[in-house]
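S.K.: The file below is entry-v5.txt, compact mmCIF, C-alpha atoms:
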# COMPACT_ATOMS: atom_id res chain seq x y z
CA MET A 1 179.44 -77.22 25.46
CA ILE A 2 181.67 -74.18 26.04
CA ARG A 3 181.12 -73.12 22.43
CA PHE A 4 177.32 -73.34 22.92
CA MET A 5 177.44 -71.30 26.15
CA SER A 6 179.61 -68.57 24.62
CA ALA A 7 177.28 -68.35 21.58
CA ALA A 8 174.27 -68.10 23.90
CA ALA A 9 175.94 -65.37 25.97
CA ILE A 10 176.75 -63.35 22.84
CA ALA A 11 173.21 -63.74 21.54
CA LEU A 12 171.77 -62.67 24.89
CA SER A 13 174.01 -59.60 25.07
CA VAL A 14 173.12 -58.57 21.50
CA THR A 15 169.38 -58.85 22.11
CA ALA A 16 169.42 -57.26 25.58
CA ALA A 17 171.71 -54.32 24.68
CA PRO A 18 169.02 -52.14 23.02
CA ILE A 19 166.71 -52.65 25.98
CA LEU A 20 169.37 -51.59 28.50
CA VAL A 21 170.57 -48.59 26.46
CA ALA A 22 167.11 -47.23 25.53
CA ALA A 23 167.27 -44.57 28.27
CA PRO A 24 167.71 -40.98 26.95
CA ALA A 25 171.01 -39.20 27.59
CA ALA A 26 171.28 -35.45 28.31
CA ALA A 27 174.32 -33.21 27.82
CA GLN A 28 174.16 -29.40 28.08
CA GLY A 29 170.54 -29.12 27.06
CA LEU A 30 170.81 -31.61 24.19
CA GLN A 31 168.92 -34.82 24.69
CA LEU A 32 169.75 -37.94 22.71
CA GLU A 33 167.52 -40.97 22.60
CA VAL A 34 169.25 -44.27 21.93
CA GLY A 35 166.97 -47.15 21.04
CA PRO A 36 166.08 -49.70 18.39
CA ASN A 37 165.70 -46.94 15.77
CA GLY A 38 169.23 -45.64 16.39
CA VAL A 39 170.38 -42.38 17.95
CA ARG A 40 168.01 -39.41 17.62
CA PRO A 41 168.04 -35.89 19.11
CA VAL A 42 165.02 -34.96 21.22
CA VAL A 43 163.84 -31.38 20.69
CA PRO A 44 162.10 -29.85 23.74
CA TYR A 45 158.53 -28.64 23.21
CA GLY A 46 158.38 -24.95 22.31
CA TYR A 47 162.06 -24.65 21.32
CA ASP A 48 162.55 -22.78 18.03
CA GLY A 49 166.34 -22.50 17.93
CA PRO A 50 168.90 -19.84 18.78
CA ARG A 51 168.34 -16.23 17.70
CA SER A 52 170.89 -14.56 15.45
CA ASP A 53 171.15 -11.67 13.06
CA GLY A 54 172.26 -13.91 10.17
CA PRO A 55 170.68 -14.18 6.72
CA ARG A 56 167.79 -16.35 7.91
CA TYR A 57 166.75 -13.65 10.40
CA GLU A 58 166.78 -11.07 7.59
CA GLU A 59 164.60 -13.28 5.39
CA ARG A 60 162.08 -13.69 8.23
CA ARG A 61 161.76 -9.95 8.75
CA GLY A 62 160.54 -9.57 5.16
CA GLY A 63 163.36 -7.76 3.31
CA CYS A 64 165.14 -8.90 0.17
CA SER A 65 168.31 -10.83 1.01
CA PRO A 66 171.35 -10.95 -1.32
CA ARG A 67 170.56 -14.60 -2.04
CA GLU A 68 167.02 -13.70 -3.10
CA ALA A 69 168.35 -10.82 -5.22
CA ARG A 70 170.76 -13.17 -7.07
CA ARG A 71 167.91 -15.62 -7.64
CA ALA A 72 165.66 -12.84 -9.00
CA ALA A 73 168.48 -11.62 -11.27
CA ARG A 74 168.90 -15.12 -12.69
CA GLU A 75 165.16 -15.22 -13.36
CA GLU A 76 165.52 -11.89 -15.22
CA GLY A 77 168.12 -13.50 -17.50
CA LEU A 78 171.39 -12.50 -15.82
CA ARG A 79 174.20 -15.08 -15.91
CA ASP A 80 177.00 -15.17 -13.32
CA ALA A 81 175.01 -12.84 -11.08
CA GLN A 82 177.09 -11.22 -8.29
CA VAL A 83 175.86 -8.85 -5.58
CA VAL A 84 177.86 -5.62 -5.89
CA ARG A 85 176.27 -3.36 -3.28
CA VAL A 86 173.77 -3.77 -0.44
CA SER A 87 172.14 -0.82 1.33
CA ASP A 88 169.05 -0.33 3.48
CA ARG A 89 167.02 0.62 0.39
CA SER A 90 168.42 -1.40 -2.51
CA ILE A 91 170.59 -4.31 -3.66
CA VAL A 92 172.64 -4.00 -6.87
CA VAL A 93 173.44 -7.15 -8.85
CA GLU A 94 175.80 -7.32 -11.85
CA GLY A 95 176.05 -10.08 -14.42
CA PHE A 96 175.97 -10.83 -18.14
CA THR A 97 173.16 -11.08 -20.68
CA ARG A 98 173.35 -12.04 -24.36
CA ARG A 99 174.16 -8.41 -25.16
CA GLY A 100 176.97 -8.03 -22.59
CA PRO A 101 177.41 -6.81 -19.01
CA GLU A 102 174.26 -5.70 -17.23
CA ARG A 103 173.35 -4.23 -13.83
CA ILE A 104 169.97 -4.67 -12.08
CA ARG A 105 168.89 -2.80 -8.95
CA PHE A 106 166.36 -4.41 -6.62
CA ALA A 107 164.46 -2.76 -3.78
CA ASN A 108 165.23 -4.13 -0.33
CA ALA A 109 161.58 -5.10 0.18
CA PRO A 110 159.66 -8.38 0.23
CA GLY A 111 159.64 -10.03 -3.19
CA CYS A 112 162.71 -8.08 -4.45
CA PRO A 113 160.93 -5.69 -6.85
CA THR A 114 163.07 -4.22 -9.64
CA LEU A 115 163.95 -0.52 -9.54
CA GLY A 116 164.24 1.45 -12.80
So, in terms of structure tokens, how does the structure I just supplied come out?
M.R.:
Amino acid sequence: MIRFMSAAAIALSVTAAPILVAAPAAAQGLQLEVGPNGVRPVVPYGYDGPRSDGPRYEERRGGCSPREARRAAREEGLRDAQVVRVSDRSIVVEGFTRRGPERIRFANAPGCPTLG
């Protein structure tokens, strides 16, 4: 009988636990929802993340980032592309082609156009 009662108590606690814990928890502006689907963060309506001057901000403003310049250089046929210099007007990328070392200069504008 004691074995049956302990098994019933364990079964009841396992089935009732998600119902009791389903309330959302908040800590410093971060809300977590714990429920039958697991733990999930709750993003407030209208929140679009912290602002920073990192590479993602530069990509949003429309210029050519060093990552985009390396990608464009690889599409032009440059292997082992490395960004050598970044200025307000241009980005210089060096790498290797079948003929040897090569340097490509891209404009710091949307789409990374090649400069002569």
S.K.: Under the rule that all atoms listed in the file are counted, which of A:Arg70, A:Glu75, A:Ile104, A:Ser65 is the nearest residue to Ser87 of chain A?
M.R.: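 Nearest candidate to Ser87 of chain A out of A:Arg70, A:Glu75, A:Ile104, A:Ser65: A:Ser65.
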S.K.: To one decimal in Å, tell me the separation between atom CA of Pro101 of chain A and atom CA of Ala81 of chain A.
M.R.: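 Atom CA of Ala81 of chain A lies at a distance of 10.2 Å from atom CA of Pro101 of chain A.
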S.K.: Mind listing as a list in words all residues within 12 Å of (172.7, -14.1, -25.8), counting all atoms listed in the file?
M.R.: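 Residues satisfying the cut-off, written out: Gly77, Leu78, Arg79, Phe96, Thr97, Arg98, Arg99, Gly100 and Pro101 of chain A.
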S.K.: Nearest residue to Ala107 of chain A out of A:Arg85, A:Arg74, A:Arg40, A:Arg3, using only C-alpha atoms?
M.R.: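 Result for the nearest residue to Ala107 of chain A: A:Arg85.
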S.K.: Suppose you want the space between atom CA of Gln82 of chain A and atom CA of Pro113 of chain A; what is it in Å?
M.R.: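 We find that atom CA of Gln82 of chain A and atom CA of Pro113 of chain A lie 17.1 Å from each other.
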S.K.: Report the distance between atom CA of Ile91 of chain A and atom CA of Cys112 of chain A in Å, rounded to one decimal place.
M.R.: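 Calculated distance between atom CA of Ile91 of chain A and atom CA of Cys112 of chain A is 8.8 Å.
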S.K.: Leaving out Val92 of chain A and any residue of its chain fewer than 4 positions from it, which residues lie within 8 Å of it when counting all atoms listed in the file, given as a list in words?
M.R.: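 My list of contacting residues is Val83, Val84, Arg85, Val86, Arg103, Ile104, Arg105 and Phe106 of chain A.
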S.K.: Assuming the input is short of atoms at segment 85-102 of chain A, produce N, CA, C and O atoms for that part as a JSON list (two decimals), in the frame of the given file.
M.R.:
[["chain", "number", "residue", "atom", "x", "y", "z"],
["A", 85, "ARG", "N", 176.49, -4.32, -4.36],
["A", 85, "ARG", "CA", 176.27, -3.36, -3.28],
["A", 85, "ARG", "C", 174.96, -3.67, -2.58],
["A", 85, "ARG", "O", 173.96, -3.97, -3.22],
["A", 86, "VAL", "N", 174.97, -3.57, -1.25],
["A", 86, "VAL", "CA", 173.77, -3.77, -0.44],
["A", 86, "VAL", "C", 173.61, -2.56, 0.47],
["A", 86, "VAL", "O", 174.54, -2.17, 1.17],
["A", 87, "SER", "N", 172.44, -1.93, 0.43],
["A", 87, "SER", "CA", 172.14, -0.82, 1.33],
["A", 87, "SER", "C", 170.78, -1.09, 1.98],
["A", 87, "SER", "O", 170.15, -2.11, 1.72],
["A", 88, "ASP", "N", 170.35, -0.16, 2.82],
["A", 88, "ASP", "CA", 169.05, -0.33, 3.48],
["A", 88, "ASP", "C", 167.90, -0.26, 2.49],
["A", 88, "ASP", "O", 166.83, -0.81, 2.75],
["A", 89, "ARG", "N", 168.11, 0.41, 1.35],
["A", 89, "ARG", "CA", 167.02, 0.62, 0.39],
["A", 89, "ARG", "C", 167.10, -0.27, -0.84],
["A", 89, "ARG", "O", 166.08, -0.56, -1.45],
["A", 90, "SER", "N", 168.32, -0.65, -1.25],
["A", 90, "SER", "CA", 168.42, -1.40, -2.51],
["A", 90, "SER", "C", 169.58, -2.39, -2.48],
["A", 90, "SER", "O", 170.48, -2.30, -1.64],
["A", 91, "ILE", "N", 169.53, -3.33, -3.44],
["A", 91, "ILE", "CA", 170.59, -4.31, -3.66],
["A", 91, "ILE", "C", 170.92, -4.27, -5.14],
["A", 91, "ILE", "O", 170.04, -4.40, -5.99],
["A", 92, "VAL", "N", 172.21, -4.08, -5.48],
["A", 92, "VAL", "CA", 172.64, -4.00, -6.87],
["A", 92, "VAL", "C", 173.34, -5.31, -7.24],
["A", 92, "VAL", "O", 174.22, -5.78, -6.52],
["A", 93, "VAL", "N", 172.90, -5.88, -8.37],
["A", 93, "VAL", "CA", 173.44, -7.15, -8.85],
["A", 93, "VAL", "C", 173.98, -6.93, -10.26],
["A", 93, "VAL", "O", 173.31, -6.33, -11.09],
["A", 94, "GLU", "N", 175.21, -7.41, -10.52],
["A", 94, "GLU", "CA", 175.80, -7.32, -11.85],
["A", 94, "GLU", "C", 175.97, -8.73, -12.42],
["A", 94, "GLU", "O", 176.18, -9.68, -11.68],
["A", 95, "GLY", "N", 175.87, -8.81, -13.74],
["A", 95, "GLY", "CA", 176.05, -10.08, -14.42],
["A", 95, "GLY", "C", 176.11, -9.85, -15.92],
["A", 95, "GLY", "O", 176.35, -8.74, -16.38],
["A", 96, "PHE", "N", 175.89, -10.91, -16.69],
["A", 96, "PHE", "CA", 175.97, -10.83, -18.14],
["A", 96, "PHE", "C", 174.68, -11.32, -18.78],
["A", 96, "PHE", "O", 174.08, -12.29, -18.32],
["A", 97, "THR", "N", 174.28, -10.63, -19.84],
["A", 97, "THR", "CA", 173.16, -11.08, -20.68],
["A", 97, "THR", "C", 173.73, -11.43, -22.05],
["A", 97, "THR", "O", 174.95, -11.39, -22.25],
["A", 98, "ARG", "N", 172.87, -11.74, -23.01],
["A", 98, "ARG", "CA", 173.35, -12.04, -24.36],
["A", 98, "ARG", "C", 174.01, -10.83, -25.00],
["A", 98, "ARG", "O", 174.87, -10.95, -25.86],
["A", 99, "ARG", "N", 173.61, -9.62, -24.57],
["A", 99, "ARG", "CA", 174.16, -8.41, -25.16],
["A", 99, "ARG", "C", 175.43, -7.93, -24.48],
["A", 99, "ARG", "O", 176.10, -7.04, -24.99],
["A", 100, "GLY", "N", 175.76, -8.46, -23.30],
["A", 100, "GLY", "CA", 176.97, -8.03, -22.59],
["A", 100, "GLY", "C", 176.70, -7.81, -21.11],
["A", 100, "GLY", "O", 175.72, -8.30, -20.56],
["A", 101, "PRO", "N", 177.58, -7.05, -20.45],
["A", 101, "PRO", "CA", 177.41, -6.81, -19.01],
["A", 101, "PRO", "C", 176.15, -6.02, -18.72],
["A", 101, "PRO", "O", 175.75, -5.13, -19.48],
["A", 102, "GLU", "N", 175.53, -6.34, -17.60],
["A", 102, "GLU", "CA", 174.26, -5.70, -17.23],
["A", 102, "GLU", "C", 174.24, -5.52, -15.72],
["A", 102, "GLU", "O", 174.85, -6.28, -14.98]]
